[in-house]
Structure formats: C-alpha cells, structure tokens
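Written below as structure tokens is the structure these notes are about.
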Amino acid sequence: MNDERRTIRVTINGQVFERAVAPNLLLSDFIRHEAELTGTHVGCEHGVCGACTILYESQPARSCLMLAVQADGARLETIESLAKGDALHPLQTAFWEKHGLQCGYCTPGILMTMKAFLAETPNPSEAEIRVALSGNLCRCTGYQQIVEAVRHAAALLSAARVAP
Amino acid sequence: MSTRLIGERVKRREDRRLLTGTAQFIDDIHLPNMAHAAVLRSPHAKARILRIDASKALALPGVLAVLTHEDLGAANDPMPLLNQDRGFIYPRTHRAFAPGQVRFVGEAVALVVAESRYRAEDALELIEVDYAPSQAAVDVMAAAKSGAPLVHDDTDSNIACRTTNGRGDVDAAFAKADIVIREELRPERGAAQPMETRGCVAQYDTSSDSLMVWDTTQAPVSARGLIAAKLGMPEANVTVIAPDVGGGFGVKIMLLYPEELLIPFAARRLKRPVKWIEDRREHFLGSNHERLMVHKVELAARKDGTLLGLKDVFYYDSGAYCPYGPINAECAQGILPGPYKIPAIHTEYIAVYTNTPIVSPYRGAGMPHGNFVMETVMNRLAERLGLDPVELRRRNLVTPADCPYDGGTVFQYGSRLIHRDCDYPALLAKLLAAIDYDGFRQAQPGWRAKGLHKGIGIGCYVEGTGIPPYEGMEVRVEPTGFVTVTTGYPSQGQGHQTTLIQVVAETLGVEPEMVNVQAGRTDRFAWGVGTFASRAAVVGCTAALKATRRVRQRALDLAADHLEAAASDLDIVRGRVELKGVPEIGVSLGELAALANPIITLEPGVEPGLRAIDYHRPEGATFSSGMHGLIVEVDIETGMVKIERYVVVHDCGVMINPLIVEGQILGAIAQGLGGTFYEKLVFDEAGQLLTTTFMDYLIPTAMEIPHIEIHHLDRPSSLNPLGVKGVGEGGVMPVAPAFAAAIEDALRLYDARINAFPFGPPDILAMIEGRAR
C-alpha cells in the first residue's frame, strides 16, 4: 500500500503514452484508464475469458494478466487501431455482415485475436477457426455466427490482397 | 408503398460502435473527480454480526468513507417483493446491507469509497468484523425438513411459499391409468454469467438536488423509482441510464441489488461521482443464481400412450431471500405440459430458503427446468411402452384442429397456456425430416453392432413470452426529417434498435437511415417495465407499430390539408407524402413536422408536433414453440460426447429480423449446452461457493458448441398486429432433455438414466461402469 510510482513509456496504436504508474497497476487498467482507450474490455481479470486481449508486439496477450510496468517500452495494438478513419477493417465488416456480435462486450478481444490468427492462417478451416477462438468466451452468440464472420473476413482479406 | 423491412436480414444499427471500441459500457464512464467503491462481503453463510470497526480502513490515505448498515437509515429497509405469490408463508426480501445477520457468503456488509479502486480494495482488508457463525442450511432438501437450521430466525421453517395449481380430477386420472411413470429429477444450480459484470456510476448535483445513475440494469424505469423512494427524493430528480450493457440474460434485474442503492447513496453523501464495478468473483457471489429444483413427478397414461394425468411436486431453492417471489417455479409449472394434451394436471411448488445467494430468473426463468421434467418423463413412458419417443409425442400433440386449446396450466400474470396460431405436428415433421430421424433409426443397429454408441434425442417445448404489463413508445418526426423513437426498455445485445427501426421505417414510410432510437434512459422516456421474458419484440415493437400508425395518419391528414387532396389518395414514400400516381405533388415529413409545430397559431384541440406516444398492454403472455433434435456419439472409454448433428425447428411467429432471431436461438442453445454439460455451481457444507472463477465454472468455448441447423416455421400470432411471439429464451428450453435423451439412447445397452443436469463425462462414465459392474 505504498505510493511508489514508476514512469513507463508504452506505445499504443502508434501513440506514446508516458505515465508515472503504481507498480501494481494492471496493463488492462493502464490501457483503459490511463490511455483512456476503453474499447479493450475486462471480463474476468483472471485470464480466462479473453475480453481484454490486445496485441503485444503483434502477438495476442491478456492485458489483465500483465502489469503496466511490464509493458514499459512495448508496442501495443488495441481495438481502436483496427478501423482507419471511417473505413472498417475487413474483420469488422465481416462481423457486422454475419451478425458476429450481440452485446459486443467480448468483441474487441475476439477481433484482436482473429487479426493475429488470420495473419498467420489466411485460409483457415472451420476447425482451425474454432481452435483459434477457444481462448475467447462469448456468452451471447453461441460462436456460430462468429465462425462464419471469421471465414468471411478471411475471404475479404484475401480478396484485398489480390486486388490491384 | 414503402420499402419492406420487417422480415429482412437487416444489419444491426448497434454494431459500428461495438466493433470500433467506441461503445459506452458502464466502466467506460469516467467523470471528473470520480471516487471508486468496493464492497465488503460476508465470508460466512450464516452468522450474526457482532461488531464492525472501520477505523483502520478510514485511516488509510485515500479512503473517503466506509458505509455500513447504520449509515443508511431508512434507505436500508427491506427491498420490495416483486411478485406476490398466493402461496407465500414467509415472504422475506433482502436489504442493501445485512443488519446484524448475514445469510449467504457474499452478502454485502460494508462499502468503501476511496480515490481509486485499488485503494478501496486495500481498505476492505482493514475493516474488522466480528462474526458469530452458526450452522447454515445449504442443501435445499435438507433445508426443507423441520428442524433444519433456519435461514430467517423469525420463521419456524425454511418453507417460504407453497403453491398448488391444476385442473381436472388427477386422482381419477391416475386411478384409471394403465401405466404410471415416477421420477425424481434435479436441475442443478447455475448462473447467467454475462461477459460484462454488473456496475453502477452515480453523480449527485447539489444545486438541483438530482442524481444521475448509470446502471447495468435491464429495468431502468423500475430502478429509478426504487432508488428515488429509498433515498427520499422525487422520481423527477433521479435519472437512471442503462448504457451499453454487456449481456444480461436475467441476472441484471433485481430491484434492487445493494450496489444500485449504495452507489447513489454514497455519491449524494460525498457529493462526488462514485463508480463501482463488480469483479468476476463478486459476480459469482453477489449476483443472483438460478436453476436448482427437485421435482417429484408422476405421469399417468393408457397403454396406447394417451396421456391421462400429470402430478409434479417440486422443491425450489430460493436462496436466502425471495424478492422475486418463486417466479422460476411459477414459470416452470406454467409451461409444464409443453405441446401435449393432458386432461388432468396437479402441480405444487415449495420454495425453500437456503443460506446461498438469491435465486432469480436466468434465460428461461424456470421454463427449461419444467421442460426437462416433462420431456424426461415422456421419454421414460415411451421406453416403458416400447414406443419410439417420437411416436409417443405424435399421439399426444395438440393439433391445429384442437386450437385454441387450453393446456391446463397458468403462466405468469394469470396467462392461461392457450395453444393457438401453432402447428406442432408440422414442427415435428420438419424436425424429423431435417435430421433424417428414420434414416438414423435404420442405421442405429448397424452402428451398435460395430461398437459405436450413437443416439438421437428430441425435445419439444412451448415457451411463455411477451408478458404484461406494458411498454410504451414515442415516435416523433422532426422538422429535420429525422424520426426519433424513444422508449423505456434497454438492450443488452438483442438488437432492439435495429428491430424498432425496421418496424417504424416500414410502417411510416421512411428510409431506415432517418430513424434513430433512444432507449433505456428515464430522462427520455419515463415509462416502461424492462427487458426480460422474451417480451421486447412482442410488447415494445407492437407499441412502436401503434404509435407509428398514429403518426402516419396524422402526417396523411396534415398533408391532405396542405396539398388539398383526400388523405386516402396519399401515400408516404421515402419520407415524403405524395399524391398517388403523381409523385411530383407532395410534401416531406420534415415540412409537415414544421407545420405541425407552428410559431403563430395552433388550432384548438390539436397537439403540437408530428408525433405520437402509444402503449401496448397485452392481456396475457404469448407462446412460442419449437423442437430440437440432436445426434450424439458417446465415447464409452472417456465419457466424452460428440454432438454430430444439432437441428432446431422453431415458431416465433413473424420474424422481424431473421438474422437476429437466429442469433438469439444460437446463443440460447449455447447457454443450454453449457448448463447441460459444463456449468455447475458447487457449495460445500458450510455454504462456501467453490466455483468462483471461469476455471471452476466452465463456460463453453467455440470448441464445445457444435454447428447448429435452424429451420423456421413462422405461424403469425393473432394476439398482436405484428404477428410476433418472442424468441429470446426458447432456445435454452429443450437442450437438457434432448441432450439427455440422446445420451440415454446412445447408451441403451447400459440402461443409462439421466435424472439431473448438468451431467458431464464423469457422470456418463459412472452410468457405463455401474452397468458393467
């Protein structure tokens, strides 16, 4: 319960956030309340539900299982980085078209997980998609429309790659 | 005529902000100078509180206040009883803080407010509470016995309520029966577990003595009324806003949870905004549970399978209080007969207090339990008669020729289970064809011969939906041409904005882009009940339809005057009232809205504005129906079950948006599968909940939920002008009995019996090994 502070520099979505933080501050709380990027959600704070998933040096990571001080010097990406202005990312478009979300609370974590997954697996099977989704809990959708959305996103992304 | 939108797979208006991280959930609300709260919860299931000493916590820098029972005064009086069941013996409701006595692990004892949540949690550990624990009543059947430890000391038994219902001469029916099936069936405890926990933010404005409360509630209007009453404030000075809410499924209505009162109380006392966000462990302990019942059921039939009578006496675990009344029990018996004709029915439910968290509705509100009971005894009867379960059902279904047919039970709000606008034989035929039932039965002996344990199960249900009393809607055309739709009930992910836009835009004759919805804010629309019981489409969309029709007529009348034409010669096309056949003669709705709100004169007796408010007050519930079928293969070495096919046929009446309907069904089935195979809340003998993380309470992932095929049979309801019946909860209902039936069918050689859910691989292995031994 001391008031020690450590100054950290974290790059989130290309912007540098330099803050003096308590050593016990969770990275998820740093992102949400210090950087004020509230699109990353917290569902369980014990690393199971995946709602707080961000990209940490391009890899999906649970931001509730890390301390902010551990991210000193790191480059993070959050849901706010996905759309470019008004132009949605193909993942976002696909989730919209296929009704891949209901309450939307788990959605940011799923989208960030799937961004990394589709970068590594551009043409996934349904079974591969389901394995890739298995670290993210969704209580609303029953996953089926999420699976369809991811498959659709893969198609949109590959179409964008071959487009001139 | 206008663009067709009702019935179309319209993409949701809600989604852009949810997909881009710009939605506003409760923890996204940040106010200047905001303080943060944490709740001290009882570590004992039953104890007297001898002393609370908060001095060390208050001495911690950054701690602003510690509130206990004594600070609240009259605000800590018992919460209201929401449903006055006629069988109540001892109605007991909770308070914000347990005064002097705690009755479950997790019950709120004190609230810390501090400069940060971290500091508030640190301070919780410094509050000293002396408890005198005593033996708790934990198991429902033990608690129901005389001499059990009492949950409430001012009673002489833990029986909260005992209510009987029925029709016909049940004793005579059983006397003439050829066969009577008797079973004891036990749906275990579970919980809704939305991905967003609960939370509350309150801000007090001294100059106007008013409160703004952001609350993860499914019923903001009711919450506003209770907060105002408890705090002794005019309702007009309290605004409750349900922001984006991350799933509800019933657990986000309680009226009130302690924190919904404590946070506004603290904000007013400290004159600072206060935020409280529940963590997941708190959600397991401090939010309501559902499900545990013990049914002693008897089914009487003739040897040809004709049902004669049904008796169901069941115990319902209410938890430590019963603020809802035993609503889940009432709903369970209300739909108990399902789609079958049963001439004589007797039910009795006994609600029992236990030293466990409060039980209130979770998706289906007891209906999945009732359905498990009925479908399971049907399967046992079929087995005894040597009939295929499908054939037994075929012989007892209510048919369209029977309708309207009184099913013999009474659902919520005195709604008799009247079968109408339905075709159960057609549902069954569609299901059997889709799953190729006959083909499976023909192939099954061959699989058995090869040592493959495959089984098929079906489940049939009728779901009570769209319950009274009412919802209201204002539809207002602005001079800008935008149409604003305002209502009291909020959304927790069901896509209400989208479906309301579809109804209003098509009915009025405007482009959907011109329609906006404001919902779940008591400062915008102060009347309404809430989002639960599959009622938003039935009650809310019907109110929207009625209000929109009045706005449309007013627009046509205004345009008739303006254009000097007969209203009957006019139509509204894309926001413009036009002379039929001469579209260049017309006037826009926006211009009419300006004309309807004149600066100079307004005719006597005419209300200003191009707008209308209307309400829908259904006389009783509507009823939806459906049937599920699944094919499983059981691995007898591991007890693991693979679902090979899962087929749904359902009838929710007219579908406003099939995309959303399918989403509701798929999500409900996933919750049903979770509750059937994975999710169980486990208490120890002292009443400690042992499952308080997602590592202990297993919510299914994308790996566990199979692909689900959905077939629609939409028979319009005659009870409302849209023809809708409601769809939110039904998908849960037959999952457990159909799944159990499929496993029993797969393990026929082992004489497997599933009398409780959830059942998992260990239970299945035990059944297999029990036979083998």
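By convention here, the chains of the structure tokens are called A, B, ... in the order presented, each chain's residues are numbered starting at 1, and ligands are numbered starting at 1 in the order presented.
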Would you mind listing, for every residue of chain B within 7 Å of chain A, the two atoms forming the shortest contact and the distance between them in Å to one decimal, using only C-alpha atoms, sorted by chain and ascending residue number, as a tab-separated table?
```
residue	atom	partner	partner_atom	distance
B:Lys11	CA	A:Glu97	CA	6.2
B:Asp15	CA	A:Trp96	CA	6.3
B:Leu18	CA	A:Gly104	CA	5.4
B:Leu19	CA	A:Gln92	CA	6.0
B:Thr20	CA	A:Glu80	CA	6.0
B:Gly21	CA	A:Gly39	CA	3.7
B:Thr22	CA	A:Gly39	CA	6.1
B:Asp28	CA	A:Thr38	CA	5.7
B:Pro194	CA	A:Arg139	CA	6.0
B:Met195	CA	A:Gly43	CA	5.5
B:Glu196	CA	A:Gly43	CA	5.6
B:Val245	CA	A:Cys103	CA	6.8
B:Gly246	CA	A:Cys103	CA	5.0
B:Gly247	CA	A:Cys103	CA	5.5
B:Asp279	CA	A:Cys44	CA	6.9
B:Arg280	CA	A:Cys44	CA	5.1
B:Gln492	CA	A:Cys103	CA	5.7
B:Gly493	CA	A:Cys103	CA	3.5
B:Gln494	CA	A:Gln102	CA	6.2
B:Leu659	CA	A:His99	CA	6.9
B:Gly663	CA	A:Thr141	CA	5.9
B:Leu666	CA	A:Gly142	CA	5.2
B:Gly667	CA	A:Thr141	CA	4.2
B:Ala670	CA	A:Gly142	CA	4.8
B:Phe694	CA	A:Val48	CA	6.3
B:Thr701	CA	A:Ser134	CA	5.3
B:Ala702	CA	A:Arg130	CA	5.2
B:Met703	CA	A:Arg130	CA	5.5
B:Ile705	CA	A:Gly142	CA	6.7
B:His707	CA	A:Gln144	CA	6.4
```
Generate a file of the selected residues that holds N, CA and C atoms, formatted as a PDB file, in the first residue's frame.
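What ended up in again-v6.pdb:
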```
ATOM      1  N   LYS B  11     -28.725  -5.571 -41.328  1.00  0.00           N
ATOM      2  CA  LYS B  11     -27.536  -5.457 -40.457  1.00  0.00           C
ATOM      3  C   LYS B  11     -27.847  -4.504 -39.301  1.00  0.00           C
ATOM      4  N   ASP B  15     -24.004  -1.971 -34.385  1.00  0.00           N
ATOM      5  CA  ASP B  15     -22.728  -2.670 -34.435  1.00  0.00           C
ATOM      6  C   ASP B  15     -21.499  -1.796 -34.632  1.00  0.00           C
ATOM      7  N   LEU B  18     -19.892  -0.865 -31.462  1.00  0.00           N
ATOM      8  CA  LEU B  18     -19.389  -2.035 -30.735  1.00  0.00           C
ATOM      9  C   LEU B  18     -18.144  -2.605 -31.400  1.00  0.00           C
ATOM     10  N   LEU B  19     -18.085  -2.510 -32.724  1.00  0.00           N
ATOM     11  CA  LEU B  19     -16.953  -3.075 -33.464  1.00  0.00           C
ATOM     12  C   LEU B  19     -15.713  -2.192 -33.409  1.00  0.00           C
ATOM     13  N   THR B  20     -15.908  -0.924 -33.142  1.00  0.00           N
ATOM     14  CA  THR B  20     -14.769   0.001 -33.196  1.00  0.00           C
ATOM     15  C   THR B  20     -14.265   0.379 -31.806  1.00  0.00           C
ATOM     16  N   GLY B  21     -14.860  -0.214 -30.776  1.00  0.00           N
ATOM     17  CA  GLY B  21     -14.393   0.108 -29.424  1.00  0.00           C
ATOM     18  C   GLY B  21     -14.887   1.439 -28.917  1.00  0.00           C
ATOM     19  N   THR B  22     -15.935   1.968 -29.548  1.00  0.00           N
ATOM     20  CA  THR B  22     -16.436   3.285 -29.134  1.00  0.00           C
ATOM     21  C   THR B  22     -17.769   3.199 -28.412  1.00  0.00           C
ATOM     22  N   ASP B  28     -16.763   2.317 -18.885  1.00  0.00           N
ATOM     23  CA  ASP B  28     -16.183   3.312 -19.790  1.00  0.00           C
ATOM     24  C   ASP B  28     -16.599   4.724 -19.392  1.00  0.00           C
ATOM     25  N   PRO B 194     -23.040 -13.164 -17.717  1.00  0.00           N
ATOM     26  CA  PRO B 194     -22.744 -12.320 -18.878  1.00  0.00           C
ATOM     27  C   PRO B 194     -21.272 -11.921 -18.866  1.00  0.00           C
ATOM     28  N   MET B 195     -20.726 -11.631 -20.035  1.00  0.00           N
ATOM     29  CA  MET B 195     -19.289 -11.333 -20.097  1.00  0.00           C
ATOM     30  C   MET B 195     -18.959 -10.003 -19.407  1.00  0.00           C
ATOM     31  N   GLU B 196     -19.884  -9.084 -19.379  1.00  0.00           N
ATOM     32  CA  GLU B 196     -19.703  -7.882 -18.566  1.00  0.00           C
ATOM     33  C   GLU B 196     -20.386  -8.133 -17.222  1.00  0.00           C
ATOM     34  N   VAL B 245     -24.934  -2.401 -22.431  1.00  0.00           N
ATOM     35  CA  VAL B 245     -24.847  -3.416 -21.377  1.00  0.00           C
ATOM     36  C   VAL B 245     -24.372  -4.727 -22.003  1.00  0.00           C
ATOM     37  N   GLY B 246     -23.336  -5.284 -21.391  1.00  0.00           N
ATOM     38  CA  GLY B 246     -22.661  -6.445 -21.968  1.00  0.00           C
ATOM     39  C   GLY B 246     -23.289  -7.765 -21.601  1.00  0.00           C
ATOM     40  N   GLY B 247     -24.526  -7.948 -22.006  1.00  0.00           N
ATOM     41  CA  GLY B 247     -25.246  -9.185 -21.720  1.00  0.00           C
ATOM     42  C   GLY B 247     -26.000  -9.076 -20.413  1.00  0.00           C
ATOM     43  N   ASP B 279     -16.288  -7.314  -9.765  1.00  0.00           N
ATOM     44  CA  ASP B 279     -15.326  -8.210 -10.419  1.00  0.00           C
ATOM     45  C   ASP B 279     -15.955  -9.590 -10.574  1.00  0.00           C
ATOM     46  N   ARG B 280     -15.279 -10.482 -11.278  1.00  0.00           N
ATOM     47  CA  ARG B 280     -15.925 -11.746 -11.632  1.00  0.00           C
ATOM     48  C   ARG B 280     -16.224 -12.596 -10.411  1.00  0.00           C
ATOM     49  N   GLN B 492     -29.524  -5.356 -24.031  1.00  0.00           N
ATOM     50  CA  GLN B 492     -28.260  -5.943 -23.554  1.00  0.00           C
ATOM     51  C   GLN B 492     -27.636  -6.766 -24.667  1.00  0.00           C
ATOM     52  N   GLY B 493     -27.896  -6.385 -25.907  1.00  0.00           N
ATOM     53  CA  GLY B 493     -27.293  -7.081 -27.037  1.00  0.00           C
ATOM     54  C   GLY B 493     -28.289  -7.697 -27.997  1.00  0.00           C
ATOM     55  N   GLN B 494     -29.592  -7.490 -27.739  1.00  0.00           N
ATOM     56  CA  GLN B 494     -30.607  -8.156 -28.561  1.00  0.00           C
ATOM     57  C   GLN B 494     -30.906  -7.429 -29.863  1.00  0.00           C
ATOM     58  N   LEU B 659     -31.961 -12.607 -39.037  1.00  0.00           N
ATOM     59  CA  LEU B 659     -30.562 -12.641 -38.605  1.00  0.00           C
ATOM     60  C   LEU B 659     -30.496 -12.575 -37.069  1.00  0.00           C
ATOM     61  N   GLY B 663     -29.563 -15.464 -34.242  1.00  0.00           N
ATOM     62  CA  GLY B 663     -28.561 -15.165 -33.213  1.00  0.00           C
ATOM     63  C   GLY B 663     -29.079 -15.482 -31.817  1.00  0.00           C
ATOM     64  N   LEU B 666     -29.191 -19.373 -31.484  1.00  0.00           N
ATOM     65  CA  LEU B 666     -27.852 -19.978 -31.371  1.00  0.00           C
ATOM     66  C   LEU B 666     -27.249 -19.684 -29.999  1.00  0.00           C
ATOM     67  N   GLY B 667     -27.399 -18.444 -29.549  1.00  0.00           N
ATOM     68  CA  GLY B 667     -26.838 -18.086 -28.248  1.00  0.00           C
ATOM     69  C   GLY B 667     -27.538 -18.814 -27.116  1.00  0.00           C
ATOM     70  N   ALA B 670     -26.340 -22.388 -26.946  1.00  0.00           N
ATOM     71  CA  ALA B 670     -25.009 -22.478 -26.338  1.00  0.00           C
ATOM     72  C   ALA B 670     -25.110 -22.387 -24.815  1.00  0.00           C
ATOM     73  N   PHE B 694     -13.764 -18.703 -13.779  1.00  0.00           N
ATOM     74  CA  PHE B 694     -14.055 -19.399 -15.032  1.00  0.00           C
ATOM     75  C   PHE B 694     -13.164 -20.633 -15.214  1.00  0.00           C
ATOM     76  N   THR B 701     -16.666 -22.942 -24.908  1.00  0.00           N
ATOM     77  CA  THR B 701     -15.968 -22.142 -25.914  1.00  0.00           C
ATOM     78  C   THR B 701     -16.438 -22.584 -27.301  1.00  0.00           C
ATOM     79  N   ALA B 702     -15.834 -21.991 -28.315  1.00  0.00           N
ATOM     80  CA  ALA B 702     -16.178 -22.341 -29.698  1.00  0.00           C
ATOM     81  C   ALA B 702     -15.869 -23.809 -29.994  1.00  0.00           C
ATOM     82  N   MET B 703     -15.025 -24.428 -29.191  1.00  0.00           N
ATOM     83  CA  MET B 703     -14.688 -25.844 -29.391  1.00  0.00           C
ATOM     84  C   MET B 703     -15.817 -26.761 -28.935  1.00  0.00           C
ATOM     85  N   ILE B 705     -19.208 -25.945 -28.690  1.00  0.00           N
ATOM     86  CA  ILE B 705     -20.536 -25.715 -29.279  1.00  0.00           C
ATOM     87  C   ILE B 705     -20.508 -26.188 -30.730  1.00  0.00           C
ATOM     88  N   HIS B 707     -21.935 -26.964 -34.704  1.00  0.00           N
ATOM     89  CA  HIS B 707     -22.708 -26.245 -35.714  1.00  0.00           C
ATOM     90  C   HIS B 707     -24.179 -26.604 -35.523  1.00  0.00           C
TER      91      HIS B 707
END
```
Exercise. Hey, what's within 8 Å of region 53-55 of chain A if we count only C-alpha atoms and toss same-chain stuff fewer than 3 positions away? As a list in words, please?
Worked result: Thr40, Gly50, Ser58, Gln59, Pro60, Ala61, Arg62, Ser63, Leu76, Glu77, Thr78, Ile79, Pro108, Gly109, Ile110, Met112, Thr113 and Ala116 of chain A
TODO: Return as a list in words the full set of residues in region 518-603 of chain B whose backbone-based DSSP assignment is strand (DSSP E or B).
DONE: Gln518, Ala519, Arg521, Leu570, Asp571, Ile572, Val573, Arg576, Val577, Glu578, Leu579, Val582, Pro583, Glu584, Ile585, Gly586, Val587 and Ser588 of chain B
Could you take the residues named above and write them with N, CA and C atoms, as a short mmCIF file (atom, residue, chain, number, x, y, z; two decimals), in the first residue's frame?
```cif
data_model
loop_
_atom_site.label_atom_id
_atom_site.label_comp_id
_atom_site.auth_asym_id
_atom_site.auth_seq_id
_atom_site.Cartn_x
_atom_site.Cartn_y
_atom_site.Cartn_z
N GLN B 518 -33.75 5.95 -29.10
CA GLN B 518 -33.19 6.26 -27.79
C GLN B 518 -33.91 5.36 -26.79
N ALA B 519 -33.16 4.58 -26.05
CA ALA B 519 -33.80 3.61 -25.16
C ALA B 519 -33.05 3.53 -23.85
N ARG B 521 -33.23 5.25 -21.02
CA ARG B 521 -32.86 6.46 -20.26
C ARG B 521 -34.16 7.03 -19.71
N LEU B 570 -53.28 9.68 -50.77
CA LEU B 570 -51.87 9.97 -50.49
C LEU B 570 -51.15 8.71 -50.00
N ASP B 571 -49.85 8.69 -50.22
CA ASP B 571 -49.00 7.63 -49.67
C ASP B 571 -47.71 8.28 -49.17
N ILE B 572 -47.02 7.57 -48.30
CA ILE B 572 -45.74 8.10 -47.82
C ILE B 572 -44.62 7.25 -48.40
N VAL B 573 -43.75 7.88 -49.14
CA VAL B 573 -42.67 7.18 -49.82
C VAL B 573 -41.35 7.87 -49.49
N ARG B 576 -41.62 11.20 -47.76
CA ARG B 576 -42.36 12.27 -48.42
C ARG B 576 -43.79 11.80 -48.66
N VAL B 577 -44.76 12.65 -48.32
CA VAL B 577 -46.16 12.32 -48.58
C VAL B 577 -46.47 12.76 -50.02
N GLU B 578 -46.92 11.80 -50.82
CA GLU B 578 -47.10 12.07 -52.24
C GLU B 578 -48.51 11.71 -52.67
N LEU B 579 -48.99 12.42 -53.70
CA LEU B 579 -50.25 12.06 -54.33
C LEU B 579 -50.00 10.80 -55.16
N VAL B 582 -49.04 10.66 -58.84
CA VAL B 582 -48.49 11.98 -59.23
C VAL B 582 -47.42 12.36 -58.21
N PRO B 583 -46.32 11.63 -58.19
CA PRO B 583 -45.36 11.80 -57.10
C PRO B 583 -44.73 13.19 -57.03
N GLU B 584 -44.81 13.97 -58.11
CA GLU B 584 -44.22 15.31 -58.03
C GLU B 584 -45.05 16.22 -57.12
N ILE B 585 -46.29 15.86 -56.86
CA ILE B 585 -47.09 16.62 -55.89
C ILE B 585 -46.93 15.96 -54.53
N GLY B 586 -46.30 16.69 -53.63
CA GLY B 586 -46.06 16.07 -52.32
C GLY B 586 -45.43 17.05 -51.35
N VAL B 587 -45.23 16.56 -50.16
CA VAL B 587 -44.61 17.38 -49.11
C VAL B 587 -43.83 16.44 -48.20
N SER B 588 -42.67 16.88 -47.76
CA SER B 588 -41.84 15.98 -46.95
C SER B 588 -42.37 15.91 -45.52
#
```
With distances taken over only C-alpha atoms, which residue among B:Val251, B:Ile277, B:Ala329, B:Ala96 lies nearest Thr163 (chain B)?
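Going through B:Val251, B:Ile277, B:Ala329, B:Ala96 one by one, the smallest distance to Thr163 (chain B) is for B:Ala329.
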Practice task
Do a neighbour search on region 124-126 of chain B at 12 Å with only C-alpha atoms, toss out local chain neighbours closer than 2 positions, and write the hits as JSON, numbers by chain.
Solution key: {"A": [1], "B": [37, 38, 39, 40, 41, 42, 52, 53, 54, 55, 56, 57, 58, 59, 60, 63, 65, 66, 67, 108, 109, 110, 111, 112, 113, 114, 117, 118, 119, 120, 121, 122, 128, 129]}
Restricting it to N, CA and C atoms, dump the selection as a CSV table (one decimal), in the first residue's frame.
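Printed below is again_21.csv as written:
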```csv
chain,number,residue,atom,x,y,z
A,1,MET,N,0.8,-1.2,0.0
A,1,MET,CA,0.0,0.0,0.0
A,1,MET,C,0.9,1.3,0.0
B,37,ALA,N,-15.6,2.6,-5.5
B,37,ALA,CA,-16.1,1.9,-4.4
B,37,ALA,C,-15.8,0.4,-4.5
B,38,ALA,N,-15.8,-0.2,-3.3
B,38,ALA,CA,-15.6,-1.7,-3.3
B,38,ALA,C,-16.5,-2.2,-2.1
B,39,VAL,N,-17.0,-3.4,-2.3
B,39,VAL,CA,-18.0,-3.9,-1.3
B,39,VAL,C,-17.3,-5.0,-0.4
B,40,LEU,N,-17.5,-4.9,0.9
B,40,LEU,CA,-17.1,-5.9,1.8
B,40,LEU,C,-18.2,-6.9,1.9
B,41,ARG,N,-17.9,-8.2,1.7
B,41,ARG,CA,-18.9,-9.2,1.6
B,41,ARG,C,-18.7,-10.2,2.7
B,42,SER,N,-19.8,-10.8,3.1
B,42,SER,CA,-19.7,-11.8,4.2
B,42,SER,C,-18.9,-13.0,3.8
B,52,ILE,N,-18.6,-4.1,13.8
B,52,ILE,CA,-17.9,-3.7,12.6
B,52,ILE,C,-17.0,-2.5,13.0
B,53,ASP,N,-15.7,-2.6,12.8
B,53,ASP,CA,-14.8,-1.5,13.2
B,53,ASP,C,-14.0,-1.1,11.9
B,54,ALA,N,-14.4,0.1,11.4
B,54,ALA,CA,-13.8,0.6,10.1
B,54,ALA,C,-12.7,1.6,10.4
B,55,SER,N,-12.2,1.7,11.6
B,55,SER,CA,-11.3,2.9,11.9
B,55,SER,C,-10.0,2.7,11.2
B,56,LYS,N,-9.5,1.5,11.1
B,56,LYS,CA,-8.2,1.3,10.4
B,56,LYS,C,-8.3,1.6,8.9
B,57,ALA,N,-9.5,1.2,8.3
B,57,ALA,CA,-9.7,1.4,6.9
B,57,ALA,C,-9.8,2.9,6.7
B,58,LEU,N,-10.5,3.6,7.5
B,58,LEU,CA,-10.7,5.0,7.4
B,58,LEU,C,-9.4,5.8,7.5
B,59,ALA,N,-8.5,5.2,8.3
B,59,ALA,CA,-7.2,5.9,8.4
B,59,ALA,C,-6.3,5.8,7.2
B,60,LEU,N,-6.6,4.9,6.3
B,60,LEU,CA,-5.7,4.6,5.2
B,60,LEU,C,-5.9,5.9,4.2
B,63,VAL,N,-8.8,6.9,1.5
B,63,VAL,CA,-10.1,6.4,1.8
B,63,VAL,C,-11.1,7.5,2.2
B,65,ALA,N,-14.7,7.1,2.7
B,65,ALA,CA,-15.8,6.8,3.6
B,65,ALA,C,-15.9,5.3,3.6
B,66,VAL,N,-16.4,4.8,4.8
B,66,VAL,CA,-16.9,3.4,4.9
B,66,VAL,C,-18.3,3.4,5.3
B,67,LEU,N,-19.2,2.9,4.5
B,67,LEU,CA,-20.6,2.9,4.9
B,67,LEU,C,-21.0,1.5,5.4
B,108,ALA,N,-23.6,-8.3,1.1
B,108,ALA,CA,-22.9,-7.0,1.4
B,108,ALA,C,-23.0,-6.7,2.8
B,109,VAL,N,-21.9,-6.2,3.4
B,109,VAL,CA,-21.8,-5.8,4.8
B,109,VAL,C,-21.3,-4.4,4.9
B,110,ALA,N,-20.5,-3.9,4.0
B,110,ALA,CA,-20.0,-2.5,4.1
B,110,ALA,C,-19.5,-2.1,2.7
B,111,LEU,N,-19.4,-0.8,2.5
B,111,LEU,CA,-19.0,-0.2,1.3
B,111,LEU,C,-17.8,0.7,1.6
B,112,VAL,N,-16.7,0.6,0.9
B,112,VAL,CA,-15.6,1.5,1.0
B,112,VAL,C,-15.6,2.4,-0.2
B,113,VAL,N,-15.5,3.7,0.0
B,113,VAL,CA,-15.3,4.6,-1.1
B,113,VAL,C,-13.9,5.3,-1.0
B,114,ALA,N,-13.1,5.2,-2.1
B,114,ALA,CA,-11.7,5.7,-2.0
B,114,ALA,C,-11.4,6.4,-3.3
B,117,ARG,N,-10.0,2.4,-7.1
B,117,ARG,CA,-10.5,1.1,-6.8
B,117,ARG,C,-9.4,0.2,-6.1
B,118,TYR,N,-8.2,0.4,-6.5
B,118,TYR,CA,-7.1,-0.3,-5.8
B,118,TYR,C,-7.1,0.0,-4.3
B,119,ARG,N,-7.2,1.3,-4.0
B,119,ARG,CA,-7.1,1.7,-2.6
B,119,ARG,C,-8.4,1.2,-1.9
B,120,ALA,N,-9.5,1.3,-2.5
B,120,ALA,CA,-10.7,0.8,-1.9
B,120,ALA,C,-10.6,-0.7,-1.5
B,121,GLU,N,-10.0,-1.5,-2.4
B,121,GLU,CA,-9.9,-2.9,-2.1
B,121,GLU,C,-8.9,-3.1,-1.0
B,122,ASP,N,-7.8,-2.3,-1.0
B,122,ASP,CA,-6.9,-2.4,0.1
B,122,ASP,C,-7.6,-2.2,1.4
B,128,GLU,N,-12.6,-4.4,10.3
B,128,GLU,CA,-12.7,-5.6,11.2
B,128,GLU,C,-14.1,-5.9,11.5
B,129,VAL,N,-14.5,-7.1,11.2
B,129,VAL,CA,-15.9,-7.5,11.5
B,129,VAL,C,-15.8,-8.7,12.4
```
Would you pick out the contacts of region 406-416 of chain B at 8 Å or less, using only C-alpha atoms, so that residues sharing its chain but fewer than 4 positions from it are not included, and give the list as a PyMOL selection string?
chain B and resi 165-167+330-331+333-345+464+467-468+619-621
Work out how far CA of Lys454 (chain B) is from CA of Ala742 (chain B), in Å to one decimal.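 Computing it gives 8.0 Å between the two atoms.
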